[in-house]
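Undergrad: Contents are mmCIF, C-alpha atoms; file name target39.cif:
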```
data_work
#
loop_
_atom_site.group_PDB
_atom_site.id
_atom_site.type_symbol
_atom_site.label_atom_id
_atom_site.label_comp_id
_atom_site.auth_asym_id
_atom_site.auth_seq_id
_atom_site.Cartn_x
_atom_site.Cartn_y
_atom_site.Cartn_z
ATOM 1 C CA MET Q 1 -31.194 15.527 36.149
ATOM 2 C CA PRO Q 2 -31.435 12.593 38.554
ATOM 3 C CA VAL Q 3 -33.794 9.603 38.485
ATOM 4 C CA LYS Q 4 -36.981 10.179 40.451
ATOM 5 C CA ILE Q 5 -38.368 7.479 42.740
ATOM 6 C CA ILE Q 6 -42.006 7.479 43.843
ATOM 7 C CA ILE Q 7 -43.550 5.095 46.347
ATOM 8 C CA PRO Q 8 -47.048 4.895 47.862
ATOM 9 C CA GLY Q 9 -47.790 5.712 51.473
ATOM 10 C CA SER Q 10 -48.098 2.019 52.305
ATOM 11 C CA LEU Q 11 -44.352 1.552 51.687
ATOM 12 C CA LYS Q 12 -43.085 4.750 53.286
ATOM 13 C CA ARG Q 13 -42.167 2.911 56.479
ATOM 14 C CA TRP Q 14 -39.255 1.396 54.504
ATOM 15 C CA PHE Q 15 -38.194 4.882 53.397
ATOM 16 C CA TYR Q 16 -38.227 6.609 56.754
ATOM 17 C CA GLY Q 17 -41.520 8.338 55.993
ATOM 18 C CA GLU Q 18 -40.622 9.746 52.563
ATOM 19 C CA THR Q 19 -42.615 8.982 49.405
ATOM 20 C CA GLU Q 20 -40.719 10.870 46.716
ATOM 21 C CA PHE Q 21 -36.993 11.315 46.296
ATOM 22 C CA SER Q 22 -34.248 11.199 43.693
ATOM 23 C CA CYS Q 23 -31.046 9.262 43.226
ATOM 24 C CA GLN Q 24 -28.238 8.757 40.753
ATOM 25 C CA GLY Q 25 -27.261 5.515 39.054
ATOM 26 C CA GLU Q 26 -26.705 3.826 35.716
ATOM 27 C CA ARG Q 27 -28.878 0.785 36.454
ATOM 28 C CA ILE Q 28 -31.926 0.130 38.631
ATOM 29 C CA LEU Q 29 -29.624 -1.877 40.895
ATOM 30 C CA ASP Q 30 -27.329 1.146 41.333
ATOM 31 C CA CYS Q 31 -30.332 3.243 42.327
ATOM 32 C CA ILE Q 32 -31.327 0.648 44.920
ATOM 33 C CA ASP Q 33 -27.775 0.678 46.291
ATOM 34 C CA ARG Q 34 -28.003 4.476 46.619
ATOM 35 C CA LEU Q 35 -31.340 4.052 48.378
ATOM 36 C CA GLU Q 36 -29.764 1.609 50.818
ATOM 37 C CA GLU Q 37 -27.155 4.252 51.720
ATOM 38 C CA ARG Q 38 -29.908 6.758 52.413
ATOM 39 C CA PHE Q 39 -32.476 4.383 53.966
ATOM 40 C CA PRO Q 40 -30.509 1.545 55.580
ATOM 41 C CA GLY Q 41 -32.405 -1.757 55.387
ATOM 42 C CA VAL Q 42 -34.541 -0.875 52.375
ATOM 43 C CA LYS Q 43 -32.553 -3.043 49.962
ATOM 44 C CA GLY Q 44 -33.566 -6.151 51.876
ATOM 45 C CA HIS Q 45 -37.212 -5.264 51.326
ATOM 46 C CA LEU Q 46 -36.792 -4.807 47.583
ATOM 47 C CA ILE Q 47 -34.392 -7.444 46.324
ATOM 48 C CA ASP Q 48 -32.952 -10.834 47.119
ATOM 49 C CA PRO Q 49 -30.215 -12.862 45.394
ATOM 50 C CA LYS Q 50 -32.688 -13.973 42.689
ATOM 51 C CA GLY Q 51 -33.783 -10.483 41.676
ATOM 52 C CA TYR Q 52 -36.375 -8.136 42.967
ATOM 53 C CA LYS Q 53 -38.647 -9.550 45.608
ATOM 54 C CA SER Q 54 -41.999 -11.081 44.787
ATOM 55 C CA ASN Q 55 -43.790 -8.844 47.287
ATOM 56 C CA VAL Q 56 -43.196 -5.688 45.243
ATOM 57 C CA LEU Q 57 -43.643 -4.543 41.657
ATOM 58 C CA ILE Q 58 -41.139 -2.061 40.253
ATOM 59 C CA PHE Q 59 -41.922 0.142 37.270
ATOM 60 C CA LEU Q 60 -39.722 2.253 35.024
ATOM 61 C CA ASN Q 61 -41.666 5.142 33.498
ATOM 62 C CA GLY Q 62 -44.860 3.163 34.134
ATOM 63 C CA ASP Q 63 -43.775 -0.202 32.731
ATOM 64 C CA ASN Q 64 -43.013 -3.296 34.800
ATOM 65 C CA LEU Q 65 -39.288 -4.033 35.092
ATOM 66 C CA ARG Q 66 -40.117 -7.551 33.911
ATOM 67 C CA ASP Q 67 -40.548 -6.015 30.449
ATOM 68 C CA PHE Q 68 -36.932 -4.828 30.514
ATOM 69 C CA ASP Q 69 -33.765 -6.362 31.956
ATOM 70 C CA GLY Q 70 -34.923 -6.455 35.560
ATOM 71 C CA LEU Q 71 -32.483 -4.909 37.999
ATOM 72 C CA GLU Q 72 -29.864 -4.597 35.248
ATOM 73 C CA THR Q 73 -32.089 -2.201 33.319
ATOM 74 C CA THR Q 74 -30.225 1.003 32.561
ATOM 75 C CA VAL Q 75 -31.758 4.320 33.520
ATOM 76 C CA LYS Q 76 -31.215 7.826 32.249
ATOM 77 C CA ASP Q 77 -31.641 11.258 33.675
ATOM 78 C CA GLY Q 78 -35.288 12.134 34.116
ATOM 79 C CA ASP Q 79 -36.540 8.541 34.352
ATOM 80 C CA GLU Q 80 -39.133 7.708 36.999
ATOM 81 C CA ILE Q 81 -39.130 4.557 39.089
ATOM 82 C CA SER Q 82 -42.330 3.613 40.916
ATOM 83 C CA ILE Q 83 -42.522 0.826 43.488
ATOM 84 C CA ILE Q 84 -45.803 -0.689 44.705
ATOM 85 C CA PRO Q 85 -46.784 -3.665 46.851
ATOM 86 C CA LEU Q 86 -47.518 -6.781 44.788
ATOM 87 C CA ALA Q 87 -51.114 -6.904 45.999
ATOM 88 C CA ALA Q 88 -51.824 -3.506 44.450
ATOM 89 C CA GLY Q 89 -51.263 -5.001 41.010
ATOM 90 C CA GLY Q 90 -54.129 -7.424 41.293
ATOM 91 C CA MET L 1 -71.863 7.024 37.360
ATOM 92 C CA ILE L 2 -70.415 5.897 40.663
ATOM 93 C CA GLN L 3 -71.849 2.609 41.889
ATOM 94 C CA ASP L 4 -71.253 2.218 45.608
ATOM 95 C CA ASN L 5 -72.865 -1.059 46.612
ATOM 96 C CA PRO L 6 -71.855 -1.948 50.192
ATOM 97 C CA GLU L 7 -72.048 -5.663 49.368
ATOM 98 C CA SER L 8 -69.252 -5.349 46.812
ATOM 99 C CA LYS L 9 -65.563 -5.233 47.692
ATOM 100 C CA PHE L 10 -65.195 -2.494 45.074
ATOM 101 C CA ILE L 11 -66.725 0.847 44.223
ATOM 102 C CA PHE L 12 -67.160 1.168 40.461
ATOM 103 C CA ILE L 13 -67.281 4.092 38.072
ATOM 104 C CA PHE L 14 -68.871 3.143 34.781
ATOM 105 C CA HIS L 15 -70.979 4.582 32.001
ATOM 106 C CA PRO L 16 -74.741 4.015 32.542
ATOM 107 C CA LYS L 17 -74.872 2.016 29.299
ATOM 108 C CA ILE L 18 -73.293 -0.829 31.276
ATOM 109 C CA LEU L 19 -76.633 -1.198 33.042
ATOM 110 C CA ILE L 20 -78.303 -2.116 29.751
ATOM 111 C CA GLY L 21 -75.750 -4.786 28.975
ATOM 112 C CA LYS L 22 -73.204 -2.793 26.951
ATOM 113 C CA LYS L 23 -69.563 -3.665 27.506
ATOM 114 C CA TYR L 24 -66.644 -1.416 28.336
ATOM 115 C CA THR L 25 -64.142 -3.590 26.460
ATOM 116 C CA VAL L 26 -65.016 -2.087 23.106
ATOM 117 C CA ARG L 27 -62.622 -0.546 20.611
ATOM 118 C CA ASN L 28 -63.656 1.237 17.425
ATOM 119 C CA GLY L 29 -67.196 -0.011 17.982
ATOM 120 C CA LYS L 30 -66.135 -3.656 18.167
ATOM 121 C CA GLU L 31 -66.236 -5.813 21.287
ATOM 122 C CA MET L 32 -62.809 -7.137 22.237
ATOM 123 C CA THR L 33 -62.050 -10.856 22.242
ATOM 124 C CA ASN L 34 -60.430 -12.668 25.149
ATOM 125 C CA GLY L 35 -57.171 -12.667 23.215
ATOM 126 C CA GLU L 36 -57.374 -8.909 22.605
ATOM 127 C CA VAL L 37 -58.118 -8.273 26.277
ATOM 128 C CA LEU L 38 -55.073 -10.322 27.266
ATOM 129 C CA GLN L 39 -52.956 -8.472 24.716
ATOM 130 C CA TYR L 40 -54.114 -4.896 25.208
ATOM 131 C CA TRP L 41 -56.271 -4.445 28.315
ATOM 132 C CA GLY L 42 -54.765 -3.156 31.530
ATOM 133 C CA LYS L 43 -54.949 -0.452 34.163
ATOM 134 C CA TRP L 44 -53.139 2.402 35.774
ATOM 135 C CA ILE L 45 -52.751 1.701 39.479
ATOM 136 C CA VAL L 46 -53.501 4.522 41.902
ATOM 137 C CA LEU L 47 -52.894 4.039 45.626
ATOM 138 C CA GLY L 48 -54.108 6.190 48.454
ATOM 139 C CA GLU L 49 -56.333 6.767 51.421
ATOM 140 C CA LYS L 50 -59.992 5.960 50.789
ATOM 141 C CA SER L 51 -61.035 9.585 51.357
ATOM 142 C CA TRP L 52 -58.595 10.788 48.663
ATOM 143 C CA LEU L 53 -59.766 8.136 46.209
ATOM 144 C CA ASP L 54 -63.407 9.129 46.884
ATOM 145 C CA LYS L 55 -62.560 12.710 45.901
ATOM 146 C CA LEU L 56 -60.608 11.550 42.845
ATOM 147 C CA ALA L 57 -63.538 9.334 41.824
ATOM 148 C CA ILE L 58 -65.880 12.333 41.803
ATOM 149 C CA LYS L 59 -63.458 14.200 39.539
ATOM 150 C CA LEU L 60 -63.035 11.241 37.177
ATOM 151 C CA ASP L 61 -66.716 10.300 36.961
ATOM 152 C CA PRO L 62 -67.542 12.905 34.256
ATOM 153 C CA LEU L 63 -64.691 11.510 32.140
ATOM 154 C CA VAL L 64 -66.194 8.042 32.350
ATOM 155 C CA GLU L 65 -69.606 9.501 31.480
ATOM 156 C CA SER L 66 -68.052 11.137 28.411
ATOM 157 C CA LYS L 67 -66.371 7.797 27.523
ATOM 158 C CA GLU L 68 -62.847 9.177 27.758
ATOM 159 C CA ILE L 69 -62.121 6.541 30.414
ATOM 160 C CA PRO L 70 -63.741 3.087 29.935
ATOM 161 C CA VAL L 71 -64.190 1.972 33.553
ATOM 162 C CA ILE L 72 -62.691 2.421 37.029
ATOM 163 C CA LYS L 73 -62.900 0.440 40.248
ATOM 164 C CA TYR L 74 -61.418 1.006 43.670
ATOM 165 C CA ASP L 75 -61.289 -0.665 47.045
ATOM 166 C CA ARG L 76 -63.914 0.007 49.657
ATOM 167 C CA GLU L 77 -61.246 -0.847 52.225
ATOM 168 C CA PRO L 78 -57.594 -1.925 52.043
ATOM 169 C CA SER L 79 -56.816 -5.599 51.336
ATOM 170 C CA VAL L 80 -54.926 -6.006 54.594
ATOM 171 C CA ASN L 81 -54.982 -9.800 54.233
ATOM 172 C CA LEU L 82 -52.925 -9.401 51.044
ATOM 173 C CA GLY L 83 -50.389 -7.190 52.791
ATOM 174 C CA ILE L 84 -51.523 -3.730 51.756
ATOM 175 C CA ASP L 85 -52.812 -0.981 54.010
ATOM 176 C CA GLU L 86 -53.974 1.535 51.385
ATOM 177 C CA CYS L 87 -56.872 1.397 48.977
ATOM 178 C CA VAL L 88 -56.164 0.714 45.314
ATOM 179 C CA MET L 89 -57.897 2.348 42.363
ATOM 180 C CA MET L 90 -57.645 0.701 38.942
ATOM 181 C CA VAL L 91 -58.219 2.939 35.951
ATOM 182 C CA TYR L 92 -58.808 0.543 33.073
ATOM 183 C CA CYS L 93 -58.115 1.162 29.421
ATOM 184 C CA ASP L 94 -56.645 -0.277 26.248
ATOM 185 C CA ARG L 95 -52.863 -0.105 26.163
ATOM 186 C CA ARG L 96 -53.107 1.911 22.964
ATOM 187 C CA ASP L 97 -54.972 4.641 24.888
ATOM 188 C CA ARG L 98 -52.968 4.549 28.087
ATOM 189 C CA ASP L 99 -50.800 7.623 27.451
ATOM 190 C CA ARG L 100 -53.889 9.762 26.962
ATOM 191 C CA ILE L 101 -55.445 8.358 30.149
ATOM 192 C CA TRP L 102 -52.191 8.949 32.042
ATOM 193 C CA GLN L 103 -52.275 12.620 31.059
ATOM 194 C CA ILE L 104 -55.727 12.829 32.640
ATOM 195 C CA LEU L 105 -54.582 11.143 35.863
ATOM 196 C CA SER L 106 -51.461 13.265 36.190
ATOM 197 C CA ARG L 107 -53.641 16.355 35.754
ATOM 198 C CA PHE L 108 -55.500 15.262 38.887
ATOM 199 C CA GLY L 109 -52.336 14.834 40.922
ATOM 200 C CA VAL L 110 -51.486 11.158 40.399
ATOM 201 C CA LYS L 111 -47.692 10.809 40.473
ATOM 202 C CA LEU L 112 -46.930 7.133 40.965
ATOM 203 C CA LYS L 113 -46.868 5.616 37.478
ATOM 204 C CA ALA L 114 -47.640 1.896 37.340
ATOM 205 C CA TRP L 115 -49.260 0.117 34.391
ATOM 206 C CA VAL L 116 -50.364 -3.473 35.025
ATOM 207 C CA THR L 117 -51.736 -5.586 32.200
ATOM 208 C CA GLU L 118 -54.829 -7.706 32.703
ATOM 209 C CA LYS L 119 -52.741 -10.691 31.632
ATOM 210 C CA GLU L 120 -50.282 -10.080 34.497
ATOM 211 C CA THR L 121 -53.127 -9.771 36.981
ATOM 212 C CA MET L 122 -54.803 -12.955 35.806
ATOM 213 C CA GLU L 123 -51.534 -14.854 36.017
ATOM 214 C CA MET L 124 -51.267 -13.725 39.651
ATOM 215 C CA TRP L 125 -54.772 -15.072 40.342
ATOM 216 C CA LEU L 126 -54.405 -18.425 38.569
ATOM 217 C CA PRO L 127 -53.616 -21.531 40.679
ATOM 218 C CA GLY L 128 -50.005 -21.202 41.836
ATOM 219 C CA GLY L 129 -50.125 -17.451 41.212
ATOM 220 C CA LEU L 130 -48.698 -15.261 43.951
ATOM 221 C CA LEU L 131 -51.887 -13.412 44.827
ATOM 222 C CA LEU L 132 -54.264 -16.374 44.725
ATOM 223 C CA GLU L 133 -51.979 -18.461 46.921
ATOM 224 C CA ARG L 134 -51.437 -15.533 49.312
ATOM 225 C CA TRP L 135 -55.201 -14.958 49.504
ATOM 226 C CA ILE L 136 -55.873 -18.659 50.161
ATOM 227 C CA ALA L 137 -53.191 -18.662 52.872
ATOM 228 C CA SER L 138 -54.864 -15.664 54.544
ATOM 229 C CA LYS L 139 -58.133 -17.633 54.883
ATOM 230 C CA ASP L 140 -58.752 -20.521 57.194
ATOM 231 C CA PHE L 141 -59.842 -22.858 54.391
ATOM 232 C CA ASP L 142 -59.667 -26.634 54.652
ATOM 233 C CA GLU L 143 -57.900 -28.475 51.845
ATOM 234 C CA PHE L 144 -61.138 -29.247 50.013
ATOM 235 C CA THR L 145 -62.091 -25.557 49.911
ATOM 236 C CA GLN L 146 -58.585 -24.511 48.896
ATOM 237 C CA ASN L 147 -58.759 -26.843 45.922
ATOM 238 C CA ALA L 148 -62.269 -25.675 45.044
ATOM 239 C CA VAL L 149 -61.024 -22.066 45.001
ATOM 240 C CA ARG L 150 -58.137 -23.022 42.730
ATOM 241 C CA GLU L 151 -60.451 -24.918 40.387
ATOM 242 C CA ASP L 152 -62.819 -21.934 40.223
ATOM 243 C CA ALA L 153 -59.930 -19.579 39.443
ATOM 244 C CA GLN L 154 -58.666 -21.922 36.744
ATOM 245 C CA ALA L 155 -62.148 -22.205 35.235
ATOM 246 C CA ARG L 156 -62.749 -18.431 35.189
ATOM 247 C CA MET L 157 -59.375 -17.102 34.168
ATOM 248 C CA GLY L 158 -57.973 -20.108 32.367
ATOM 249 C CA TYR L 159 -60.979 -19.866 30.021
ATOM 250 C CA LEU L 160 -59.706 -16.585 28.606
ATOM 251 C CA PHE L 161 -56.317 -18.076 27.803
ATOM 252 C CA ASP L 162 -57.898 -21.198 26.288
ATOM 253 C CA HIS L 163 -60.506 -19.366 24.159
ATOM 254 C CA PRO L 164 -58.731 -16.326 22.691
ATOM 255 C CA ASP L 165 -61.184 -15.815 19.811
ATOM 256 C CA GLU L 166 -64.349 -15.599 21.910
ATOM 257 C CA ILE L 167 -65.817 -12.226 22.871
ATOM 258 C CA PHE L 168 -64.657 -11.214 26.357
ATOM 259 C CA VAL L 169 -67.350 -11.405 29.038
ATOM 260 C CA PRO L 170 -66.510 -9.609 32.317
ATOM 261 C CA TRP L 171 -67.499 -11.429 35.488
ATOM 262 C CA GLU L 172 -69.359 -9.921 38.418
ATOM 263 C CA GLN L 173 -67.237 -8.600 41.286
#
```
Rewrite the coordinates I just gave you, this time as structure tokens.
TA:
Amino acid sequence: MPVKIIIPGSLKRWFYGETEFSCQGERILDCIDRLEERFPGVKGHLIDPKGYKSNVLIFLNGDNLRDFDGLETTVKDGDEISIIPLAAGG
Amino acid sequence: MIQDNPESKFIFIFHPKILIGKKYTVRNGKEMTNGEVLQYWGKWIVLGEKSWLDKLAIKLDPLVESKEIPVIKYDREPSVNLGIDECVMMVYCDRRDRDRIWQILSRFGVKLKAWVTEKETMEMWLPGGLLLERWIASKDFDEFTQNAVREDAQARMGYLFDHPDEIFVPWEQ
């Protein structure tokens, strides 16, 4: 089973209008690379050379990636990744 | 009960006992301290159009009345100045109860799963924090006012970090 990715409507412009999709990968970073293949340009919105960008919060099964190994966090089949704008977390 | 006061940025859902001074940060009959709030308190984030959140609020209100959910607030309008064009609902609870609350939310069609601790939020609104600085930048404040805002934020939120053993007192929003 692949990893599921869910985003709110306010970010769907980065994902060509979609809000829910799946991808394969061993790490969060792999998933983002797969997303970039499907939605060219999205990677630049989500990460920079220092890690994931400060304008978004990324969650694995509900928990902030900061609580894990960031983009190096490994994922397994059935995991859910949610991405929200930073401002929504405050 | 749903409290929709047009003067507030937020619409609240709380138990009527709040009106007689009771707190929602209570666990096993004991009011939580600042330290406990920073350690355990947080919220599930729900994003959506205002009309959808209004409908969700009506469905969740009975669960706040029955004390299954401690308290909820959501935006009256999107915080466009902070870079977001949807409304945000925050469904607050103790971390130790969050799985049970998530089951409720998922039953009502919430899919996006994002838990944000109160500690994380406060760090974002302390001086130098991403959201406070972004909010200040979105306003046309002079330097004096900018510093006054930072000092106020430090006084309000820094107090919790500096006084972990005191009983938590929510501030008006």
Undergrad: Tell me which residues the PyMOL selection byres ((chain L) within 8 of (chain Q)) grabs here, as a ChimeraX atom specification.
TA: /L:45,47-48,79,82-86,88,111-116,121-122,124-125,130-131
Undergrad: Can you list, as a PyMOL selection string, every protein, DNA or RNA residue that comes within 7 Å of stretch 70-75 of chain Q when you count all atoms listed in the file, leaving out same-chain residues fewer than 5 positions away?
TA: chain Q and resi 26-29+51+65
Undergrad: Could you tell me which residues the PyMOL selection byres ((chain L and resi 68) around 10) grabs in this file, written as a PyMOL selection string?
TA: chain L and resi 60+62-67+69-71+93+97+100-101+104
Undergrad: Between atom CA of L:Met90 and atom CA of L:Glu118, what is the distance, to one decimal in Å?
TA: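 Those two atoms sit 10.8 Å apart.
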Undergrad: Might you spell out which residues the PyMOL selection byres ((chain L and resi 73) around 10) would select in the displayed file, as a list in words?
TA: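 Expected selection for the PyMOL selection byres ((chain L and resi 73) around 10) here is Ile2, Gln3, Lys9, Phe10, Ile11, Phe12, Ile13, Phe14, Ala57, Val71, Ile72, Tyr74, Asp75, Arg76, Val88, Met89, Met90, Val91 and Tyr92 of chain L.
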Undergrad: May I have the residues from that selection written out with C-alpha atoms, as a PDB file, in the frame of the given file?
TA:
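Dumped everything to part12.pdb:
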```pdb
ATOM      1  CA  ILE L   2     -70.415   5.897  40.663  1.00  0.00           C
ATOM      2  CA  GLN L   3     -71.849   2.609  41.889  1.00  0.00           C
ATOM      3  CA  LYS L   9     -65.563  -5.233  47.692  1.00  0.00           C
ATOM      4  CA  PHE L  10     -65.195  -2.494  45.074  1.00  0.00           C
ATOM      5  CA  ILE L  11     -66.725   0.847  44.223  1.00  0.00           C
ATOM      6  CA  PHE L  12     -67.160   1.168  40.461  1.00  0.00           C
ATOM      7  CA  ILE L  13     -67.281   4.092  38.072  1.00  0.00           C
ATOM      8  CA  PHE L  14     -68.871   3.143  34.781  1.00  0.00           C
ATOM      9  CA  ALA L  57     -63.538   9.334  41.824  1.00  0.00           C
ATOM     10  CA  VAL L  71     -64.190   1.972  33.553  1.00  0.00           C
ATOM     11  CA  ILE L  72     -62.691   2.421  37.029  1.00  0.00           C
ATOM     12  CA  TYR L  74     -61.418   1.006  43.670  1.00  0.00           C
ATOM     13  CA  ASP L  75     -61.289  -0.665  47.045  1.00  0.00           C
ATOM     14  CA  ARG L  76     -63.914   0.007  49.657  1.00  0.00           C
ATOM     15  CA  VAL L  88     -56.164   0.714  45.314  1.00  0.00           C
ATOM     16  CA  MET L  89     -57.897   2.348  42.363  1.00  0.00           C
ATOM     17  CA  MET L  90     -57.645   0.701  38.942  1.00  0.00           C
ATOM     18  CA  VAL L  91     -58.219   2.939  35.951  1.00  0.00           C
ATOM     19  CA  TYR L  92     -58.808   0.543  33.073  1.00  0.00           C
TER      20      TYR L  92
END
```
Undergrad: Using only C-alpha atoms, which of the listed residues (Q:Gln24, Q:Arg13, Q:Lys53, Q:Asp77) sits closest to Q:Glu37?
TA: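 Residue with the minimum atom-to-atom distance to Q:Glu37: Q:Gln24.
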Undergrad: In Å, with one decimal, what is the gap from atom CA of L:Trp41 to atom CA of L:Ala137?
TA: 28.5 Å
Undergrad: Enclose the full set of atoms of stretch 42-59 of chain Q listed in the file within a box whose edges lie along x, y and z, apply 6 Å of padding to each of the six sides, and report centre and edge lengths in Å to one decimal as JSON.
TA:
```
{"center_x": -37.0, "center_y": -6.9, "center_z": 44.8, "size_x": 25.6, "size_y": 26.1, "size_z": 27.1}
```
Undergrad: Rounded to one decimal, what separation in Å do you get between atom CA of L:Pro127 and atom CA of L:Asp142?
TA: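 Value for the atom CA of L:Pro127-atom CA of L:Asp142 distance: 16.1 Å.
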Undergrad: Using all atoms listed in the file, which residues sit within 8 Å of stretch 25-32 of chain L once same-chain residues fewer than 3 positions away are excluded, as an mmCIF file with C-alpha atoms, in the coordinates of the input?
TA:
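The resulting around-v2.cif:
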```
data_model
loop_
_atom_site.group_PDB
_atom_site.id
_atom_site.type_symbol
_atom_site.label_atom_id
_atom_site.label_comp_id
_atom_site.auth_asym_id
_atom_site.auth_seq_id
_atom_site.Cartn_x
_atom_site.Cartn_y
_atom_site.Cartn_z
ATOM 1 C CA GLY L 35 -57.171 -12.667 23.215
ATOM 2 C CA GLU L 36 -57.374 -8.909 22.605
ATOM 3 C CA VAL L 37 -58.118 -8.273 26.277
ATOM 4 C CA PRO L 70 -63.741 3.087 29.935
ATOM 5 C CA ILE L 167 -65.817 -12.226 22.871
ATOM 6 C CA PHE L 168 -64.657 -11.214 26.357
#
```
